[in-house]
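Listing of my_file_15.txt; format and content: compact mmCIF, C-alpha atoms.
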# COMPACT_ATOMS: atom_id res chain seq x y z
CA MET A 1 101.04 60.56 40.23
CA LYS A 2 100.50 63.61 38.02
CA LYS A 3 97.33 62.06 36.59
CA LEU A 4 95.96 61.46 40.10
CA ALA A 5 96.72 65.04 41.16
CA LEU A 6 95.14 66.36 37.96
CA ALA A 7 92.04 64.20 38.51
CA GLY A 8 91.73 65.47 42.10
CA LEU A 9 92.09 69.08 40.99
CA LEU A 10 89.49 68.56 38.27
CA ALA A 11 87.05 67.03 40.80
CA VAL A 12 87.46 69.99 43.16
CA PHE A 13 86.94 72.42 40.29
CA MET A 14 83.79 70.65 39.11
CA LEU A 15 82.26 70.44 42.58
CA SER A 16 82.96 74.08 43.31
CA GLY A 17 80.55 75.00 40.52
CA CYS A 18 77.63 74.13 42.76
CA MET A 19 78.80 75.11 46.23
CA THR A 20 76.20 75.96 48.84
CA GLU A 21 76.69 77.54 52.24
CA ILE A 22 73.91 77.79 54.79
CA ASN A 23 74.17 79.34 58.25
CA LYS A 24 71.17 79.64 60.52
CA THR A 25 69.65 79.85 63.92
CA PRO A 26 66.59 77.65 64.36
CA VAL A 27 63.86 79.08 62.15
CA ILE A 28 61.10 80.05 64.53
CA ILE A 29 57.99 80.68 62.49
CA SER A 30 54.81 79.14 63.75
CA LYS A 31 52.54 78.00 60.96
CA ASN A 32 49.66 79.55 62.96
CA THR A 33 51.18 83.05 63.14
CA THR A 34 50.65 85.43 60.26
CA CYS A 35 53.91 87.10 59.34
CA ALA A 36 54.41 89.93 56.88
CA VAL A 37 57.19 89.54 54.32
CA MET A 38 58.86 92.91 53.86
CA PRO A 39 61.00 93.97 50.92
CA PHE A 40 64.64 93.02 51.37
CA VAL A 41 67.43 95.60 51.49
CA ASN A 42 69.47 95.29 48.31
CA TYR A 43 73.24 95.48 48.84
CA SER A 44 73.98 93.85 45.50
CA GLU A 45 74.71 95.65 42.25
CA THR A 46 71.62 94.13 40.60
CA PRO A 47 68.60 96.46 40.49
CA LEU A 48 65.43 95.14 42.19
CA ALA A 49 67.24 92.13 43.68
CA GLY A 50 65.68 92.92 47.08
CA GLU A 51 62.18 92.74 45.67
CA SER A 52 62.97 89.58 43.71
CA ALA A 53 64.36 87.80 46.76
CA ALA A 54 61.44 88.91 48.97
CA SER A 55 58.92 87.81 46.35
CA ILE A 56 60.50 84.36 45.99
CA THR A 57 60.74 84.02 49.79
CA PHE A 58 57.03 84.86 50.07
CA GLY A 59 56.16 82.27 47.42
CA VAL A 60 58.21 79.48 48.99
CA LEU A 61 56.80 80.13 52.49
CA LYS A 62 53.23 80.30 51.17
CA ALA A 63 53.70 77.05 49.22
CA LYS A 64 55.02 75.36 52.39
CA GLY A 65 51.85 76.26 54.30
CA TYR A 66 53.03 79.27 56.31
CA LYS A 67 50.57 82.10 56.92
CA VAL A 68 52.41 84.95 55.27
CA SER A 69 51.25 88.10 53.59
CA LYS A 70 53.21 90.35 51.32
CA ALA A 71 53.78 93.78 52.84
CA PHE A 72 54.90 95.40 49.61
CA ASP A 73 53.98 95.99 46.01
CA LEU A 74 56.58 95.56 43.32
CA LYS A 75 58.02 98.91 42.36
CA GLU A 76 60.54 100.15 39.85
CA GLU A 77 63.24 100.64 42.47
CA ASP A 78 64.42 99.00 45.66
CA LEU A 79 63.38 100.53 48.96
CA ASN A 80 66.18 101.82 51.15
CA SER A 81 66.61 100.78 54.79
CA THR A 82 64.85 103.94 56.08
CA GLU A 83 61.76 103.21 53.97
CA ILE A 84 61.77 99.59 55.17
CA LYS A 85 61.94 100.74 58.83
CA LYS A 86 58.92 102.98 58.16
CA LEU A 87 57.06 100.00 56.70
CA GLU A 88 57.97 97.96 59.78
CA GLN A 89 56.37 100.61 62.01
CA GLN A 90 53.20 100.47 59.89
CA LEU A 91 53.09 96.68 60.30
CA LYS A 92 53.21 97.04 64.09
CA THR A 93 50.15 99.31 64.07
CA SER A 94 48.35 96.95 61.66
CA GLY A 95 48.40 94.13 64.21
CA TYR A 96 51.19 91.96 62.82
CA THR A 97 53.37 90.31 65.45
CA CYS A 98 55.99 88.95 63.08
CA ALA A 99 57.94 90.37 60.14
CA ILE A 100 60.26 88.59 57.74
CA GLY A 101 62.93 90.74 56.17
CA GLY A 102 66.32 90.31 54.66
CA TYR A 103 69.43 91.54 52.92
CA VAL A 104 70.57 90.63 49.43
CA ASN A 105 74.35 90.56 49.39
CA GLU A 106 74.86 88.95 45.98
CA TRP A 107 72.43 88.37 43.13
CA ARG A 108 74.20 88.10 39.81
CA TYR A 109 75.56 85.97 37.04
CA LYS A 110 79.31 85.47 37.18
CA THR A 111 81.26 86.64 34.19
CA GLY A 112 82.66 84.01 31.91
CA ILE A 113 81.57 81.55 29.29
CA ASP A 114 78.73 79.96 31.25
CA GLY A 115 77.58 82.90 33.38
CA GLU A 116 76.86 80.86 36.51
CA PRO A 117 74.27 82.29 38.92
CA ALA A 118 75.54 83.43 42.32
CA VAL A 119 73.24 84.23 45.25
CA SER A 120 73.78 85.30 48.86
CA VAL A 121 70.78 86.32 50.97
CA THR A 122 70.26 86.78 54.70
CA ILE A 123 66.72 86.41 56.03
CA TYR A 124 65.58 87.35 59.52
CA VAL A 125 62.37 86.88 61.49
CA GLU A 126 61.56 89.73 63.84
CA ASN A 127 59.10 89.79 66.71
CA LEU A 128 57.43 93.16 66.12
CA LYS A 129 56.21 93.45 69.72
CA THR A 130 59.70 93.23 71.22
CA GLY A 131 61.84 94.28 68.25
CA ASN A 132 64.00 91.19 68.75
CA VAL A 133 65.21 89.06 65.88
CA THR A 134 64.12 85.53 66.74
CA SER A 135 65.92 83.70 63.93
CA THR A 136 68.21 84.24 60.98
CA LEU A 137 69.06 82.28 57.89
CA THR A 138 71.85 83.00 55.43
CA VAL A 139 71.96 81.08 52.17
CA SER A 140 74.65 81.40 49.55
CA GLY A 141 75.23 79.35 46.48
CA THR A 142 76.40 79.10 42.91
CA SER A 143 75.33 76.74 40.22
CA TRP A 144 75.86 75.84 36.61
CA GLY A 145 75.08 78.25 33.79
CA HIS A 146 71.85 76.48 32.82
CA LYS A 147 70.09 77.64 36.02
CA SER A 148 68.62 81.04 36.69
CA ILE A 149 69.24 83.06 39.84
CA GLY A 150 65.60 82.60 40.84
CA VAL A 151 65.74 78.81 40.50
CA LEU A 152 68.97 78.65 42.53
CA TYR A 153 67.53 80.83 45.33
CA GLN A 154 64.29 78.86 45.39
CA GLU A 155 66.21 75.58 45.70
CA LEU A 156 68.25 77.00 48.59
CA LEU A 157 65.08 78.08 50.42
CA ASN A 158 63.22 74.84 49.77
CA GLY A 159 66.00 73.01 51.56
CA GLU A 160 65.54 75.16 54.66
CA PHE A 161 61.80 75.58 55.20

Can the structure in the file be given as structure tokens, please?
Amino acid sequence: MKKLALAGLLAVFMLSGCMTEINKTPVIISKNTTCAVMPFVNYSETPLAGESAASITFGVLKAKGYKVSKAFDLKEEDLNSTEIKKLEQQLKTSGYTCAIGGYVNEWRYKTGIDGEPAVSVTIYVENLKTGNVTSTLTVSGTSWGHKSIGVLYQELLNGEF
């Protein structure tokens, strides 16, 4: 009985090393509409995580055939939410009808022997004409120490788009 309980506990522990959570509304991005990917607001403790997540999101969407353009240049610091709102206003006057933005909640390597990557990102699609958010996607996951944060995030996105 003790061996069975120990085996069950070990299985739960091993599987928790690669947990993934995904919550979403239907992703409403027409492949014919050109959307601008904005920098993501960084709420994590990792510098430039917002730009990293936005850049990977742009790459995954572009590779999947979506018409997206990057509405930012990589900088040496994350933009704050006020600067992102200003950028959103510029996109409206530039003729874009759709913006993709997001929030990085976690972007780090866990402490410990293996240093497993941990990611939590919320992405939203906003109709710039109405100001309404048409869809959201939140992905969170951890993996084994041999993966990078970027690889983990890319895998989470590839499963959703």

Under the rule of at most 9 Å, produce a per-residue listing of region 80-100 of chain A near region 53-72 of chain A: chain, number, name, the closest pair of atoms, and the distance in Å, as a tab-separated table, using all atoms listed in the file.
residue	atom	partner	partner_atom	distance
A:Leu87	CA	A:Ala71	CA	8.0
A:Leu91	CA	A:Ala71	CA	8.0
A:Ile100	CA	A:Ala54	CA	8.9

Near region 36-52 of chain A, within 9 Å and counting only C-alpha atoms, which residues show up once chain neighbours fewer than 6 positions away are dropped, as an mmCIF file with C-alpha atoms, in the frame of the given file?
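For reference, selection.cif as written:
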data_model
loop_
_atom_site.group_PDB
_atom_site.id
_atom_site.type_symbol
_atom_site.label_atom_id
_atom_site.label_comp_id
_atom_site.auth_asym_id
_atom_site.auth_seq_id
_atom_site.Cartn_x
_atom_site.Cartn_y
_atom_site.Cartn_z
ATOM 1 C CA PHE A 58 57.030 84.860 50.070
ATOM 2 C CA LYS A 67 50.570 82.100 56.920
ATOM 3 C CA VAL A 68 52.410 84.950 55.270
ATOM 4 C CA SER A 69 51.250 88.100 53.590
ATOM 5 C CA LYS A 70 53.210 90.350 51.320
ATOM 6 C CA ALA A 71 53.780 93.780 52.840
ATOM 7 C CA PHE A 72 54.900 95.400 49.610
ATOM 8 C CA ASP A 73 53.980 95.990 46.010
ATOM 9 C CA LEU A 74 56.580 95.560 43.320
ATOM 10 C CA LYS A 75 58.020 98.910 42.360
ATOM 11 C CA GLU A 76 60.540 100.150 39.850
ATOM 12 C CA GLU A 77 63.240 100.640 42.470
ATOM 13 C CA ASP A 78 64.420 99.000 45.660
ATOM 14 C CA LEU A 79 63.380 100.530 48.960
ATOM 15 C CA ASN A 80 66.180 101.820 51.150
ATOM 16 C CA SER A 81 66.610 100.780 54.790
ATOM 17 C CA ILE A 84 61.770 99.590 55.170
ATOM 18 C CA LEU A 87 57.060 100.000 56.700
ATOM 19 C CA GLU A 88 57.970 97.960 59.780
ATOM 20 C CA LEU A 91 53.090 96.680 60.300
ATOM 21 C CA TYR A 96 51.190 91.960 62.820
ATOM 22 C CA THR A 97 53.370 90.310 65.450
ATOM 23 C CA CYS A 98 55.990 88.950 63.080
ATOM 24 C CA ALA A 99 57.940 90.370 60.140
ATOM 25 C CA ILE A 100 60.260 88.590 57.740
ATOM 26 C CA GLY A 101 62.930 90.740 56.170
ATOM 27 C CA GLY A 102 66.320 90.310 54.660
ATOM 28 C CA TYR A 103 69.430 91.540 52.920
ATOM 29 C CA VAL A 104 70.570 90.630 49.430
ATOM 30 C CA ASN A 105 74.350 90.560 49.390
ATOM 31 C CA GLU A 106 74.860 88.950 45.980
ATOM 32 C CA TRP A 107 72.430 88.370 43.130
ATOM 33 C CA ARG A 108 74.200 88.100 39.810
ATOM 34 C CA ILE A 123 66.720 86.410 56.030
ATOM 35 C CA GLY A 150 65.600 82.600 40.840
#

**Request:** Compare A:Ile29, A:Val125, A:Val133, A:Val139 by their minimum atom-to-atom distance to Asn158 (chain A), counting only C-alpha atoms, and give me the closest one.
**Result:** A:Val139

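Distance-wise, CA of Thr138 (chain A) and CA of Ser120 (chain A) end up 7.2 Å apart.
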
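The interatomic distance for the pair CA of Gly95 (chain A) and CA of Thr82 (chain A) works out to 20.8 Å.
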
**Item:** A:Ile28, A:Cys35, A:Val119, A:Ile113 ranked by distance to Ser143 (chain A), top pick (using all atoms listed in the file)
**Value:** A:Val119

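Straight-line separation from CA of Ser148 (chain A) to CA of Thr25 (chain A): 27.3 Å.
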
**Message:** Applying 12 Å and all atoms listed in the file, which residues near Lys147 (chain A) remain after dropping the ones on its own chain fewer than 6 positions away? List them as JSON, numbers by chain.
**Reply:** {"A": [17, 18, 108, 109, 114, 115, 116, 117, 118, 119, 141, 153, 154, 155]}
